[in-house]
Amino acid sequence: MTTTGTTTAGVVTEHRRARLALGVVPVVLLSAVLGLAALGCSDDGAGGVDSLAPLVTVGRPTIATTAAVPSTLPPASAPTPTATGLPTTVAPPVDGAAVLSGAVAAMAPGYHYHSTVTVDGVVAVEADGDRVGDGTRLGVTRDGTSVRYVITPGGTWVMPDGGEWDQLDTPAATSDPITALAAPTAVSVLSSSPEVVSMVVTVPSSSLGLPGDGAADLNVTVTNGMVTSVAYRTAVDGREAGVETALGPVVDPSAVVAPI
């Protein structure tokens, strides 16, 4: 059964067109995406100094007991220290592809995400939901109107405010915000620390539900082994659009099941 109604249809049409509400990378993709677009360089990183040259202690001159002691002693002269090269430790380069692959795998059981889609710099759509296993439940808000979605391998259901659940006759673009990150064509590390790695991940545009055979650059942050943000820029009907998605621990870990 296909959902009807002007308001609901507008929301569903907008999401299908932009492919963002249920989009591959949590909505973080578009807004962050707008600000993500093209970044790329590697960070080799450098460690600190392992040791410092020892401090030099200057002793007072020895005075002969048989000689008169002058009222004023000449200043003691310190020996000239020998220049010593300070050792440095260079951290090995971070394998961005391995870090990303591990983070995506670690999030397979589930996660929560909040995505914001902007068009021409104005917030157009917001989505908030949980991905649990192979199912997703989320709410999408546009122009003050909210619609709930439940997505499982068996189908997609939608319910507008004050309405009832209806099953869509066509599948959603995708219900997993980080699917595209599982098969990148390139990964470039921007910066890294023991806890946080920032990178630009290039994926086929089609993996984001976008038309064409081109590629899209996603700005991705991995924190303590988990993907915590994804963003990218794109165009929707000739207008500049961006998606930003923030990810964290799942809020409702219960299984996602069909509402009807």
# chains A, B, ... in the order shown; residues from 1 in each chain; ligands from 1
>>> closest_atom_pairs(of="stretch 157-245 of chain A", to="stretch 120-144 of chain A", cutoff="8 Å", atoms="only C-alpha atoms", output="CSV")
residue,atom,partner,partner_atom,distance
A:Ser175,CA,A:Thr136,CA,6.1
A:Asp176,CA,A:Arg131,CA,6.9
A:Arg239,CA,A:Asp120,CA,6.4
A:Glu240,CA,A:Asp120,CA,5.3
A:Ala241,CA,A:Asp120,CA,6.1
>>> write_last_selection(atoms="N, CA, C and O atoms", output="compact mmCIF listing (two decimals), in the first residue's frame")
# COMPACT_ATOMS: atom_id res chain seq x y z
N SER A 175 18.92 2.03 4.17
CA SER A 175 18.60 2.33 5.56
C SER A 175 19.84 2.32 6.45
O SER A 175 19.73 2.49 7.64
N ASP A 176 21.00 2.14 5.87
CA ASP A 176 22.23 2.08 6.66
C ASP A 176 23.10 3.29 6.34
O ASP A 176 23.65 3.40 5.25
N ARG A 239 20.94 22.51 -7.00
CA ARG A 239 21.19 23.36 -5.84
C ARG A 239 22.21 22.69 -4.93
O ARG A 239 22.23 21.46 -4.79
N GLU A 240 23.04 23.52 -4.29
CA GLU A 240 24.08 22.97 -3.41
C GLU A 240 23.45 22.39 -2.15
O GLU A 240 22.64 23.03 -1.48
N ALA A 241 23.81 21.16 -1.85
CA ALA A 241 23.26 20.49 -0.68
C ALA A 241 24.38 19.87 0.13
O ALA A 241 25.44 19.55 -0.39
>>> select_by_dssp(residues="stretch 206-251 of chain A", states="strand (DSSP E or B)", output="ChimeraX atom specification")
/A:215-223,226-236,239-248
>>> closest_residue(among="A:Val201, A:Met159, A:Ala103, A:Val236", to="A:Asn224", atoms="only C-alpha atoms")
A:Ala103
>>> atom_distance(atom1="atom CA of A:Val257", atom2="atom CA of A:Gly155")
10.0 Å
